[in-house]
>>> print(open('input00.cif').read())   # mmCIF, C-alpha atoms
data_my_file
#
loop_
_atom_site.label_atom_id
_atom_site.label_comp_id
_atom_site.auth_asym_id
_atom_site.auth_seq_id
_atom_site.Cartn_x
_atom_site.Cartn_y
_atom_site.Cartn_z
CA MET A 289 0.00 0.00 0.00
CA ASP A 290 3.08 2.28 0.46
CA CYS A 291 4.43 4.63 -2.19
CA SER A 292 7.86 6.35 -2.12
CA ARG A 293 8.22 10.12 -1.91
CA ALA A 294 9.84 10.09 -5.36
CA GLN A 295 6.75 8.42 -6.86
CA GLN A 296 4.44 10.93 -5.16
CA SER A 297 6.56 13.86 -6.37
CA GLN A 298 6.58 12.50 -9.91
CA ALA A 299 2.77 12.09 -9.84
CA SER A 300 2.33 15.66 -8.55
CA ASP A 301 4.60 17.04 -11.30
CA GLU A 302 2.58 15.19 -13.94
CA VAL A 303 -0.67 16.58 -12.54
CA ASP A 304 0.73 20.13 -12.68
CA LYS A 305 1.74 19.67 -16.32
CA THR A 306 -1.68 18.42 -17.34
CA THR A 307 -3.76 21.09 -15.57
CA ALA A 308 -3.46 23.69 -18.34
CA VAL A 309 -4.34 21.12 -20.99
CA VAL A 310 -7.38 19.96 -19.02
CA GLU A 311 -8.65 23.51 -18.51
CA LYS A 312 -8.45 24.13 -22.27
CA GLN A 313 -10.27 20.84 -22.93
CA GLN A 314 -12.99 21.63 -20.38
CA HIS A 315 -13.52 25.08 -21.93
CA SER A 316 -14.08 23.45 -25.33
CA GLN A 317 -16.54 20.95 -23.83
CA SER A 318 -18.39 23.77 -22.03
CA LYS A 319 -18.90 25.57 -25.35
CA GLN A 320 -20.30 22.38 -26.91
CA VAL A 321 -22.69 21.83 -23.99
CA SER A 322 -23.91 25.41 -24.28
CA LYS A 323 -24.56 24.84 -27.98
CA ASP A 324 -26.52 21.66 -27.19
CA VAL A 325 -28.59 23.51 -24.59
CA ARG A 326 -29.50 26.26 -27.07
CA GLU A 327 -30.50 23.69 -29.68
CA GLY A 328 -32.50 21.76 -27.07
CA GLU A 329 -34.35 24.90 -26.07
CA LYS A 330 -35.30 25.57 -29.70
CA THR A 331 -36.78 22.10 -30.18
CA GLY A 332 -38.27 21.79 -26.70
CA ALA A 333 -36.29 18.60 -26.04
CA TRP A 334 -32.74 17.30 -26.14
CA LYS A 335 -31.58 15.81 -29.43
CA CYS A 336 -30.18 12.64 -27.87
CA THR A 337 -30.24 10.53 -24.73
CA LYS A 338 -26.50 10.74 -24.06
CA ASN A 339 -24.39 12.59 -21.53
CA HIS A 340 -20.64 13.11 -21.24
CA LEU A 341 -18.52 14.05 -18.22
CA SER A 342 -14.75 14.54 -18.00
CA ARG A 343 -12.56 15.09 -14.96
CA ILE A 344 -8.87 14.89 -14.13
CA MET A 345 -7.88 12.47 -11.36
CA TRP A 346 -6.17 14.19 -8.42
CA PRO A 347 -4.13 12.66 -5.56
CA ASP A 348 -7.16 12.73 -3.23
CA ASP A 349 -9.00 10.47 -5.71
CA ALA A 350 -6.45 7.68 -5.30
CA ASN A 351 -4.70 5.47 -2.79
CA VAL A 352 -1.06 6.01 -1.78
CA ALA A 353 0.11 3.87 -4.74
CA GLY A 354 -1.58 6.19 -7.23
CA ASN A 355 -4.49 3.89 -8.18
CA VAL A 356 -7.79 5.79 -8.38
CA HIS A 357 -10.34 4.35 -5.93
CA GLY A 358 -13.07 2.27 -7.56
CA GLY A 359 -15.59 4.14 -5.42
CA ASN A 360 -14.70 7.44 -7.10
CA ILE A 361 -15.22 5.87 -10.53
CA LEU A 362 -18.59 4.47 -9.40
CA LYS A 363 -19.61 7.91 -8.11
CA MET A 364 -18.83 9.51 -11.49
CA ILE A 365 -20.76 6.76 -13.28
CA GLU A 366 -23.81 7.39 -11.11
CA GLU A 367 -23.61 11.17 -11.62
CA ALA A 368 -23.55 10.75 -15.40
CA GLY A 369 -26.46 8.30 -15.27
CA CYS A 370 -28.51 10.55 -13.01
CA ILE A 371 -28.00 13.55 -15.30
CA VAL A 372 -29.06 11.79 -18.50
CA GLY A 373 -31.94 10.01 -16.76
CA THR A 374 -33.28 13.16 -15.11
CA ARG A 375 -32.93 15.18 -18.30
CA HIS A 376 -34.85 12.56 -20.32
CA CYS A 377 -37.66 12.16 -17.78
CA ASN A 378 -38.28 15.90 -17.71
CA THR A 379 -38.90 16.19 -21.47
CA GLN A 380 -42.63 15.58 -20.91
CA ASN A 381 -45.41 17.52 -19.17
CA GLY A 382 -46.26 16.87 -15.54
CA ASP A 383 -44.37 17.00 -12.23
CA ARG A 384 -40.69 17.78 -12.40
CA CYS A 385 -38.74 14.72 -11.29
CA LEU A 386 -35.30 13.37 -10.39
CA ALA A 387 -33.92 10.01 -11.54
CA ALA A 388 -33.25 7.84 -8.47
CA LEU A 389 -30.81 4.92 -8.67
CA VAL A 390 -32.32 1.53 -7.80
CA ARG A 391 -29.78 -0.95 -9.17
CA VAL A 392 -26.32 -1.25 -10.70
CA GLU A 393 -25.61 -4.34 -12.77
CA LYS A 394 -22.30 -6.21 -12.53
CA THR A 395 -19.51 -3.72 -13.17
CA GLU A 396 -16.05 -4.66 -14.43
CA PHE A 397 -12.99 -2.51 -13.75
CA LEU A 398 -11.13 -3.35 -16.96
CA SER A 399 -8.06 -1.13 -16.59
CA PRO A 400 -6.62 0.81 -13.64
CA VAL A 401 -6.88 4.60 -13.62
CA PHE A 402 -4.01 6.64 -12.21
CA ILE A 403 -3.38 10.12 -10.82
CA GLY A 404 -3.04 12.66 -13.63
CA GLU A 405 -5.22 10.79 -16.11
CA VAL A 406 -8.51 12.22 -17.36
CA THR A 407 -11.63 10.09 -17.10
CA HIS A 408 -14.28 10.47 -19.80
CA VAL A 409 -17.66 9.10 -18.69
CA THR A 410 -20.31 8.57 -21.38
CA ALA A 411 -23.85 7.62 -20.36
CA GLU A 412 -26.63 6.59 -22.74
CA ILE A 413 -30.23 5.50 -22.15
CA THR A 414 -30.63 2.08 -23.76
CA HIS A 415 -34.05 0.93 -22.55
CA THR A 416 -37.19 2.39 -20.98
CA SER A 417 -40.16 0.73 -19.34
CA LYS A 418 -43.25 2.50 -18.02
CA HIS A 419 -41.59 3.52 -14.74
CA SER A 420 -37.86 2.85 -15.15
CA LEU A 421 -34.95 3.35 -17.50
CA GLU A 422 -31.64 1.60 -18.16
CA VAL A 423 -28.50 3.69 -18.61
CA GLN A 424 -25.32 2.11 -19.96
CA VAL A 425 -22.07 3.85 -19.09
CA LYS A 426 -18.52 3.62 -20.43
CA VAL A 427 -15.46 5.11 -18.75
CA MET A 428 -12.37 5.91 -20.80
CA ALA A 429 -9.10 6.93 -19.15
CA GLU A 430 -6.81 9.24 -21.11
CA ASN A 431 -3.19 10.19 -20.58
CA ILE A 432 -3.36 13.67 -22.09
CA LEU A 433 0.43 13.96 -22.24
CA THR A 434 0.77 10.99 -24.61
CA GLY A 435 -2.78 10.78 -25.99
CA ALA A 436 -3.07 7.12 -24.95
CA LYS A 437 -6.61 6.01 -24.10
CA LYS A 438 -7.97 2.84 -22.51
CA LEU A 439 -11.39 1.47 -21.61
CA ALA A 440 -11.47 1.55 -17.81
CA ASN A 441 -15.01 0.55 -16.92
CA LYS A 442 -18.42 -0.49 -18.26
CA ALA A 443 -21.64 -0.48 -16.26
CA ALA A 444 -25.42 -0.63 -16.57
CA LEU A 445 -27.66 1.26 -14.13
CA TRP A 446 -31.42 1.33 -13.55
CA TYR A 447 -33.27 4.46 -12.43
CA VAL A 448 -36.83 5.40 -11.54
CA PRO A 449 -38.09 9.03 -11.79
CA CYS A 450 -39.37 10.38 -8.45
CA SER A 451 -41.56 13.48 -8.37
CA LEU A 452 -40.02 16.53 -6.70
CA GLN A 453 -43.42 17.28 -5.14
CA ASN A 454 -43.85 13.79 -3.67
CA VAL A 455 -40.82 11.49 -3.44
CA ASP A 456 -43.05 8.40 -3.19
CA LYS A 457 -44.72 9.19 -6.51
CA ILE A 458 -43.02 7.37 -9.39
CA MET A 459 -43.47 9.18 -12.68
CA GLU A 460 -43.90 7.59 -16.09
CA VAL A 461 -40.83 7.48 -18.33
CA PRO A 462 -40.98 8.88 -21.88
CA PRO A 463 -40.21 6.06 -24.34
CA ILE A 464 -37.09 6.14 -26.47
CA LYS A 465 -36.73 5.19 -30.12
CA TYR A 466 -34.94 1.89 -30.73
CA ALA A 467 -32.75 1.14 -33.72
CA SER A 468 -34.55 -2.18 -34.23
CA ALA A 469 -37.21 -4.45 -32.74
CA GLU A 470 -34.43 -6.83 -31.65
CA GLN A 471 -32.76 -4.08 -29.63
CA GLU A 472 -36.04 -3.31 -27.88
CA GLU A 473 -36.64 -7.00 -27.10
CA GLU A 474 -33.13 -7.44 -25.67
CA GLY A 475 -33.72 -4.43 -23.42
CA ARG A 476 -37.04 -5.85 -22.26
CA LYS A 477 -35.32 -9.13 -21.30
CA ARG A 478 -32.69 -7.25 -19.29
CA TYR A 479 -35.46 -5.32 -17.54
CA GLU A 480 -37.35 -8.51 -16.57
CA ALA A 481 -34.15 -10.21 -15.38
CA GLN A 482 -33.05 -7.36 -13.11
CA LYS A 483 -36.57 -6.94 -11.75
CA MET A 484 -36.70 -10.60 -10.74
CA GLU A 485 -33.24 -10.53 -9.14
CA ARG A 486 -34.04 -7.38 -7.17
CA LEU A 487 -37.13 -9.05 -5.70
CA GLU A 488 -35.15 -12.19 -4.81
CA THR A 489 -32.36 -10.20 -3.16
CA LYS A 490 -34.84 -8.11 -1.16
CA ALA A 491 -36.50 -11.29 0.11
CA ARG A 492 -33.33 -12.65 1.72
CA PRO A 493 -31.78 -9.94 3.92
CA GLU A 494 -28.96 -11.30 6.06
CA GLU A 495 -27.68 -9.93 9.34
CA MET A 496 -24.02 -9.00 9.73
CA MET A 497 -22.60 -10.77 12.78
CA PRO A 498 -20.15 -8.93 15.06
CA SER A 499 -16.51 -9.98 14.86
CA PRO A 500 -15.29 -12.35 17.60
CA PRO A 501 -12.73 -11.00 20.09
CA ASN A 502 -9.08 -11.50 19.05
CA PRO A 503 -9.85 -13.27 15.74
CA GLU A 504 -7.16 -15.35 14.06
CA LYS A 505 -5.39 -13.85 11.04
CA HIS A 506 -6.94 -14.59 7.61
CA THR A 507 -10.31 -15.46 9.11
CA VAL A 508 -13.53 -13.64 8.21
CA GLY A 509 -13.63 -11.96 11.62
CA PHE A 510 -10.05 -10.68 11.34
CA SER A 511 -10.71 -8.49 8.29
CA GLN A 512 -14.41 -7.66 8.81
CA SER A 513 -14.76 -3.88 8.95
CA SER A 514 -17.44 -1.25 9.47
CA LEU A 515 -17.78 2.45 8.73
CA ILE A 516 -20.34 4.73 10.38
CA HIS A 517 -21.41 7.86 8.53
CA LEU A 518 -23.89 10.62 9.38
CA VAL A 519 -25.73 11.66 6.21
CA GLY A 520 -25.39 15.41 5.63
CA PRO A 521 -26.79 17.85 3.05
CA SER A 522 -23.79 17.45 0.72
CA ASP A 523 -24.54 13.72 0.44
CA CYS A 524 -28.10 14.25 -0.76
CA THR A 525 -30.25 14.91 -3.81
CA LEU A 526 -32.94 17.58 -4.12
CA HIS A 527 -35.24 15.14 -2.31
CA ASP A 528 -32.91 15.09 0.75
CA TYR A 529 -32.11 11.43 0.09
CA VAL A 530 -28.58 10.09 -0.34
CA HIS A 531 -27.05 10.02 -3.82
CA GLY A 532 -26.47 6.45 -5.00
CA GLY A 533 -22.91 7.39 -5.92
CA VAL A 534 -22.15 8.51 -2.36
CA THR A 535 -23.35 5.17 -1.00
CA MET A 536 -21.32 3.21 -3.54
CA LYS A 537 -18.18 5.18 -2.67
CA LEU A 538 -18.60 4.35 1.02
CA MET A 539 -19.17 0.68 0.16
CA ASP A 540 -16.01 0.56 -1.95
CA GLU A 541 -13.99 2.15 0.88
CA VAL A 542 -15.12 -0.47 3.38
CA ALA A 543 -14.53 -3.33 0.93
CA GLY A 544 -11.04 -1.94 0.30
CA ILE A 545 -10.26 -1.93 4.01
CA VAL A 546 -11.38 -5.57 4.30
CA ALA A 547 -9.21 -6.60 1.34
CA ALA A 548 -6.17 -4.67 2.61
CA ARG A 549 -6.45 -6.21 6.08
CA HIS A 550 -6.58 -9.70 4.58
CA CYS A 551 -3.65 -9.21 2.15
CA ASN A 552 -1.61 -6.42 3.75
CA THR A 553 -0.72 -5.20 0.21
CA ASN A 554 -1.89 -2.65 -2.32
CA ILE A 555 -5.39 -3.64 -3.46
CA VAL A 556 -7.76 -2.41 -6.18
CA THR A 557 -11.39 -2.98 -7.12
CA ALA A 558 -11.68 -5.58 -9.91
CA SER A 559 -15.48 -5.77 -10.27
CA VAL A 560 -18.77 -5.23 -8.48
CA ASP A 561 -21.68 -7.64 -8.65
CA ALA A 562 -25.16 -6.15 -8.89
CA ILE A 563 -25.76 -3.41 -6.32
CA ASN A 564 -29.36 -3.39 -5.12
CA PHE A 565 -30.83 -0.29 -3.49
CA HIS A 566 -33.62 -1.72 -1.33
CA ARG A 567 -34.72 1.42 0.51
CA LYS A 568 -33.93 5.13 0.42
CA ILE A 569 -31.65 6.77 3.00
CA LYS A 570 -32.79 10.20 4.21
CA LYS A 571 -30.69 13.16 5.31
CA GLY A 572 -29.88 12.93 9.01
CA CYS A 573 -29.75 9.14 9.08
CA VAL A 574 -26.76 7.23 10.42
CA VAL A 575 -25.54 4.60 7.99
CA THR A 576 -23.45 1.61 9.01
CA VAL A 577 -21.50 0.10 6.12
CA THR A 578 -20.08 -3.33 6.93
CA GLY A 579 -17.94 -5.61 4.79
CA ARG A 580 -16.79 -9.20 5.22
CA LEU A 581 -14.95 -11.74 3.10
CA THR A 582 -17.16 -14.45 1.65
CA PHE A 583 -14.85 -16.15 -0.87
CA VAL A 584 -11.16 -16.10 -1.82
CA SER A 585 -9.59 -17.59 -4.94
CA ASN A 586 -5.89 -17.68 -5.74
CA LYS A 587 -5.85 -14.07 -6.97
CA SER A 588 -9.13 -12.44 -5.96
CA MET A 589 -11.36 -11.75 -2.97
CA GLU A 590 -15.14 -11.48 -2.87
CA ILE A 591 -16.41 -9.12 -0.18
CA GLU A 592 -20.06 -8.78 0.83
CA VAL A 593 -20.97 -5.21 1.74
CA LEU A 594 -24.20 -4.37 3.55
CA VAL A 595 -25.52 -0.88 4.26
CA ASP A 596 -27.91 -0.42 7.19
CA ALA A 597 -29.55 2.89 8.06
CA SER A 598 -31.34 4.31 11.07
CA SER A 599 -32.90 7.68 11.85
CA VAL A 600 -31.36 9.76 14.62
CA VAL A 601 -34.62 11.58 15.43
CA GLU A 602 -36.90 8.57 14.92
CA ALA A 603 -34.91 5.87 16.70
CA GLU A 604 -38.08 3.91 17.47
CA LYS A 605 -38.31 2.94 13.78
CA GLY A 606 -35.12 0.92 14.16
CA LYS A 607 -32.42 -0.03 11.67
CA TYR A 608 -33.19 -1.24 8.14
CA ARG A 609 -31.25 -2.76 5.25
CA ALA A 610 -30.78 -0.11 2.55
CA VAL A 611 -28.22 -1.50 0.07
CA SER A 612 -26.32 -4.75 -0.56
CA ALA A 613 -23.63 -5.87 -3.01
CA PHE A 614 -20.59 -8.06 -3.58
CA PHE A 615 -17.25 -6.44 -4.45
CA THR A 616 -14.25 -8.26 -5.92
CA PHE A 617 -10.72 -7.02 -5.16
CA ILE A 618 -7.29 -8.14 -6.30
CA SER A 619 -3.88 -7.77 -4.64
CA LEU A 620 -1.08 -5.94 -6.50
CA ASP A 621 2.68 -5.63 -6.13
CA LYS A 622 4.62 -2.36 -6.52
CA ASP A 623 4.54 -2.78 -10.32
CA ASN A 624 0.73 -3.25 -10.35
CA LYS A 625 1.06 -6.96 -11.12
CA PRO A 626 -1.42 -9.40 -9.48
CA LEU A 627 -0.22 -11.16 -6.34
CA PRO A 628 -1.48 -14.43 -4.83
CA VAL A 629 -4.13 -13.92 -2.15
CA PRO A 630 -3.82 -15.66 1.24
CA ALA A 631 -6.34 -18.47 1.68
CA LEU A 632 -9.42 -17.73 3.78
CA LYS A 633 -9.83 -19.76 6.96
CA VAL A 634 -13.51 -20.67 7.08
CA GLU A 635 -15.11 -21.22 10.49
CA GLY A 636 -18.61 -22.56 11.07
CA GLU A 637 -21.52 -23.60 8.86
CA ASP A 638 -22.64 -20.08 7.94
CA GLU A 639 -19.20 -19.07 6.71
CA GLN A 640 -18.87 -22.32 4.76
CA ARG A 641 -22.26 -21.74 3.12
CA ARG A 642 -21.32 -18.19 2.12
CA PHE A 643 -17.95 -19.48 0.84
CA ASP A 644 -19.65 -22.12 -1.33
CA GLU A 645 -22.12 -19.55 -2.71
CA GLY A 646 -19.23 -17.20 -3.44
CA LYS A 647 -17.39 -19.94 -5.29
CA VAL A 648 -20.44 -20.48 -7.53
CA ARG A 649 -20.56 -16.75 -8.34
CA TYR A 650 -16.80 -16.76 -9.01
CA LEU A 651 -17.05 -19.65 -11.48
CA GLN A 652 -20.10 -18.12 -13.18
CA ASN A 653 -18.35 -14.77 -13.59
CA LYS A 654 -15.19 -16.47 -14.86
CA GLU A 655 -17.21 -18.38 -17.46
CA LYS A 656 -19.02 -15.18 -18.53
CA ARG A 657 -15.72 -13.31 -18.97
CA LEU A 658 -14.37 -16.09 -21.17
CA SER A 659 -17.59 -16.09 -23.19
CA ASP A 660 -17.48 -12.31 -23.64
CA LYS A 661 -13.83 -12.51 -24.68
CA MET A 662 -14.62 -15.12 -27.32
CA ARG A 663 -17.41 -12.89 -28.69
CA GLY A 664 -14.99 -9.96 -28.79
CA GLN A 665 -16.89 -7.81 -26.26
#
>>> encode(input="input00.cif", output="structure tokens")
Amino acid sequence: MDCSRAQQSQASDEVDKTTAVVEKQQHSQSKQVSKDVREGEKTGAWKCTKNHLSRIMWPDDANVAGNVHGGNILKMIEEAGCIVGTRHCNTQNGDRCLAALVRVEKTEFLSPVFIGEVTHVTAEITHTSKHSLEVQVKVMAENILTGAKKLANKAALWYVPCSLQNVDKIMEVPPIKYASAEQEEEGRKRYEAQKMERLETKARPEEMMPSPPNPEKHTVGFSQSSLIHLVGPSDCTLHDYVHGGVTMKLMDEVAGIVAARHCNTNIVTASVDAINFHRKIKKGCVVTVTGRLTFVSNKSMEIEVLVDASSVVEAEKGKYRAVSAFFTFISLDKDNKPLPVPALKVEGEDEQRRFDEGKVRYLQNKEKRLSDKMRGQ
């Protein structure tokens, strides 16, 4: 996890060199956005269902080795999705609304992003149902000193539009035009699949057990970690509910702590299984984000992260499960090459069951990656 002073100085120098270039690039993008806005105002609607964000990665976006935190990438992805979703849903008459995140499909971190690189996040609406919309997002990382670009991340997110007058009122979503009937049918299948999985996940909430005293190294209890956060105004949307991106960033931080405690090395986010947002978290709530290892392969770790929330002023309502997901991390050496991961010591029937379930997910994901690679995706 350590980085020499020389490496940090080199990274800072590179950031300083790129700042002027980034400012010029952002000015050009601002002019294009202004042009799009003027054209949208003339037609009464936006010409497309896409959105683009760019931002340079600073030292406070990364760990001490210079790798940008996966949580920061997830936060940018959610911001881009929220913008394009909200913009689209407000192209019709009726209550003004805000797109609220309800689910993130499995997300792969395909290439690491480093300090000084510029991330380009492109979000596009790819399917709409009566009350929800799918947004697919791509993240490109650019070294603006050399011009080299790489695909860093791909994700699919689902939103529902909530009325600004009544947060419990779900608005209808304007339909989009599909390139073909096949494209529309594929989107409908994705919608039905995620809807079913969300219902199944919501039906099986699982309690997070406290760690035993003085746990043995490389056990679940040894690395299990929690973070407690009081939700403030800066964390929230116009509805005074937490941004999905803020929650995902906290979840990634906790998962990273778990992985680092188990490996005692530099670690990075490799992928995130579907993130399900079961219930909204309101401003003023206390959230407890807890992570624990569920499965370890030779070079990766699966970490279950659960987010529970409770109201400070309405304590009688108790704590509730708000979000759940599985994160996968890998261990890296000083040259960002994968390292073997210490084996997990499983104790008890519950841990063995979670380990076996994690192994099934690991094998399924491995098979899917091979299949996607063969298809050239």
>>> resolve_selection(input="input00.cif", expression="the PyMOL selection byres ((chain A and resi 394) around 10)", output="PyMOL selection string")
chain A and resi 391-393+395-396+442-445+559-563+613-615+653
>>> residues_around(input="input00.cif", residues="His415 (chain A)", least_positions_apart="6", cutoff="9 Å", atoms="all atoms listed in the file", output="count of residues only")
13
>>> resolve_selection(input="input00.cif", expression="the PyMOL selection byres ((chain A and resi 528) around 12)", output="MDAnalysis selection string")
chainID A and resid 386 388 452 454:455 519:527 529:531 568:573
>>> write_last_selection(input="input00.cif", atoms="C-alpha atoms", output="tab-separated table (two decimals), in the coordinates of the input")
chain	number	residue	atom	x	y	z
A	386	LEU	CA	-35.30	13.37	-10.39
A	388	ALA	CA	-33.25	7.84	-8.47
A	452	LEU	CA	-40.02	16.53	-6.70
A	454	ASN	CA	-43.85	13.79	-3.67
A	455	VAL	CA	-40.82	11.49	-3.44
A	519	VAL	CA	-25.73	11.66	6.21
A	520	GLY	CA	-25.39	15.41	5.63
A	521	PRO	CA	-26.79	17.85	3.05
A	522	SER	CA	-23.79	17.45	0.72
A	523	ASP	CA	-24.54	13.72	0.44
A	524	CYS	CA	-28.10	14.25	-0.76
A	525	THR	CA	-30.25	14.91	-3.81
A	526	LEU	CA	-32.94	17.58	-4.12
A	527	HIS	CA	-35.24	15.14	-2.31
A	529	TYR	CA	-32.11	11.43	0.09
A	530	VAL	CA	-28.58	10.09	-0.34
A	531	HIS	CA	-27.05	10.02	-3.82
A	568	LYS	CA	-33.93	5.13	0.42
A	569	ILE	CA	-31.65	6.77	3.00
A	570	LYS	CA	-32.79	10.20	4.21
A	571	LYS	CA	-30.69	13.16	5.31
A	572	GLY	CA	-29.88	12.93	9.01
A	573	CYS	CA	-29.75	9.14	9.08
>>> atom_distance(input="input00.cif", atom1="CA of Pro630 (chain A)", atom2="CA of Ser585 (chain A)")
8.7 Å
>>> atom_distance(input="input00.cif", atom1="CA of Ala436 (chain A)", atom2="CA of Ala353 (chain A)")
20.7 Å
>>> resolve_selection(input="input00.cif", expression="the PyMOL selection byres ((chain A and resi 547) around 8)", output="ChimeraX atom specification")
/A:511,543-546,548-552,555,581,589,591,617
>>> residues_around(input="input00.cif", residues="Phe643 (chain A)", least_positions_apart="6", cutoff="8 Å", atoms="only C-alpha atoms", output="PyMOL selection string")
chain A and resi 582-583+634
>>> atom_distance(input="input00.cif", atom1="CA of Met484 (chain A)", atom2="CA of Leu389 (chain A)")
16.7 Å
>>> residues_near_point(input="input00.cif", point="(-20.4, 4.5, 17.5)", cutoff="12 Å", atoms="all atoms listed in the file", output="short mmCIF file (atom, residue, chain, number, x, y, z; two decimals) with C-alpha atoms, in the frame of the given file")
data_model
loop_
_atom_site.label_atom_id
_atom_site.label_comp_id
_atom_site.auth_asym_id
_atom_site.auth_seq_id
_atom_site.Cartn_x
_atom_site.Cartn_y
_atom_site.Cartn_z
CA SER A 514 -17.44 -1.25 9.47
CA LEU A 515 -17.78 2.45 8.73
CA ILE A 516 -20.34 4.73 10.38
CA HIS A 517 -21.41 7.86 8.53
CA LEU A 518 -23.89 10.62 9.38
CA VAL A 574 -26.76 7.23 10.42
CA VAL A 575 -25.54 4.60 7.99
CA THR A 576 -23.45 1.61 9.01
#
>>> closest_residue(input="input00.cif", among="A:Gly359, A:Gly509, A:Pro462, A:Pro503", to="Asn381 (chain A)", atoms="all atoms listed in the file")
A:Pro462
>>> closest_residue(input="input00.cif", among="A:Pro626, A:Leu620, A:Asp540, A:Ala429", to="Leu594 (chain A)", atoms="only C-alpha atoms")
A:Asp540
>>> residues_around(input="input00.cif", residues="Cys450 (chain A)", least_positions_apart="2", cutoff="10 Å", atoms="only C-alpha atoms", output="list in words")
Thr374, Cys377, Asp383, Arg384, Cys385, Leu386, Ala387, Ala388, His419, Tyr447, Val448, Leu452, Gln453, Asn454, Val455, Asp456, Lys457, Ile458, Met459, Glu460 and His527 of chain A
>>> write_last_selection(input="input00.cif", atoms="C-alpha atoms", output="PDB file, keeping the file's coordinate frame")
ATOM      1  CA  THR A 374     -33.280  13.160 -15.110  1.00  0.00           C
ATOM      2  CA  CYS A 377     -37.660  12.160 -17.780  1.00  0.00           C
ATOM      3  CA  ASP A 383     -44.370  17.000 -12.230  1.00  0.00           C
ATOM      4  CA  ARG A 384     -40.690  17.780 -12.400  1.00  0.00           C
ATOM      5  CA  CYS A 385     -38.740  14.720 -11.290  1.00  0.00           C
ATOM      6  CA  LEU A 386     -35.300  13.370 -10.390  1.00  0.00           C
ATOM      7  CA  ALA A 387     -33.920  10.010 -11.540  1.00  0.00           C
ATOM      8  CA  ALA A 388     -33.250   7.840  -8.470  1.00  0.00           C
ATOM      9  CA  HIS A 419     -41.590   3.520 -14.740  1.00  0.00           C
ATOM     10  CA  TYR A 447     -33.270   4.460 -12.430  1.00  0.00           C
ATOM     11  CA  VAL A 448     -36.830   5.400 -11.540  1.00  0.00           C
ATOM     12  CA  LEU A 452     -40.020  16.530  -6.700  1.00  0.00           C
ATOM     13  CA  GLN A 453     -43.420  17.280  -5.140  1.00  0.00           C
ATOM     14  CA  ASN A 454     -43.850  13.790  -3.670  1.00  0.00           C
ATOM     15  CA  VAL A 455     -40.820  11.490  -3.440  1.00  0.00           C
ATOM     16  CA  ASP A 456     -43.050   8.400  -3.190  1.00  0.00           C
ATOM     17  CA  LYS A 457     -44.720   9.190  -6.510  1.00  0.00           C
ATOM     18  CA  ILE A 458     -43.020   7.370  -9.390  1.00  0.00           C
ATOM     19  CA  MET A 459     -43.470   9.180 -12.680  1.00  0.00           C
ATOM     20  CA  GLU A 460     -43.900   7.590 -16.090  1.00  0.00           C
ATOM     21  CA  HIS A 527     -35.240  15.140  -2.310  1.00  0.00           C
TER      22      HIS A 527
END
>>> closest_residue(input="input00.cif", among="A:Leu433, A:Ala368, A:Val629, A:Val356", to="Gly533 (chain A)", atoms="all atoms listed in the file")
A:Ala368
>>> closest_residue(input="input00.cif", among="A:Met428, A:Gln640, A:Val534, A:His566", to="Glu488 (chain A)", atoms="all atoms listed in the file")
A:His566
>>> residues_around(input="input00.cif", residues="Thr578 (chain A)", least_positions_apart="4", cutoff="8 Å", atoms="only C-alpha atoms", output="JSON, numbers by chain")
{"A": [496, 512, 513, 514, 515, 539, 542, 593, 594, 595]}
>>> write_last_selection(input="input00.cif", atoms="C-alpha atoms", output="short mmCIF file (atom, residue, chain, number, x, y, z; two decimals), in the frame of the given file")
data_model
loop_
_atom_site.label_atom_id
_atom_site.label_comp_id
_atom_site.auth_asym_id
_atom_site.auth_seq_id
_atom_site.Cartn_x
_atom_site.Cartn_y
_atom_site.Cartn_z
CA MET A 496 -24.02 -9.00 9.73
CA GLN A 512 -14.41 -7.66 8.81
CA SER A 513 -14.76 -3.88 8.95
CA SER A 514 -17.44 -1.25 9.47
CA LEU A 515 -17.78 2.45 8.73
CA MET A 539 -19.17 0.68 0.16
CA VAL A 542 -15.12 -0.47 3.38
CA VAL A 593 -20.97 -5.21 1.74
CA LEU A 594 -24.20 -4.37 3.55
CA VAL A 595 -25.52 -0.88 4.26
#
>>> closest_residue(input="input00.cif", among="A:Gly382, A:Val556, A:Pro347, A:Met662", to="Ser451 (chain A)", atoms="only C-alpha atoms")
A:Gly382
>>> residues_around(input="input00.cif", residues="Lys338 (chain A)", least_positions_apart="3", cutoff="8 Å", atoms="all atoms listed in the file", output="short mmCIF file (atom, residue, chain, number, x, y, z; two decimals) with C-alpha atoms, in the coordinates of the input")
data_model
loop_
_atom_site.label_atom_id
_atom_site.label_comp_id
_atom_site.auth_asym_id
_atom_site.auth_seq_id
_atom_site.Cartn_x
_atom_site.Cartn_y
_atom_site.Cartn_z
CA VAL A 372 -29.06 11.79 -18.50
CA THR A 410 -20.31 8.57 -21.38
CA ALA A 411 -23.85 7.62 -20.36
CA GLU A 412 -26.63 6.59 -22.74
CA ILE A 413 -30.23 5.50 -22.15
#
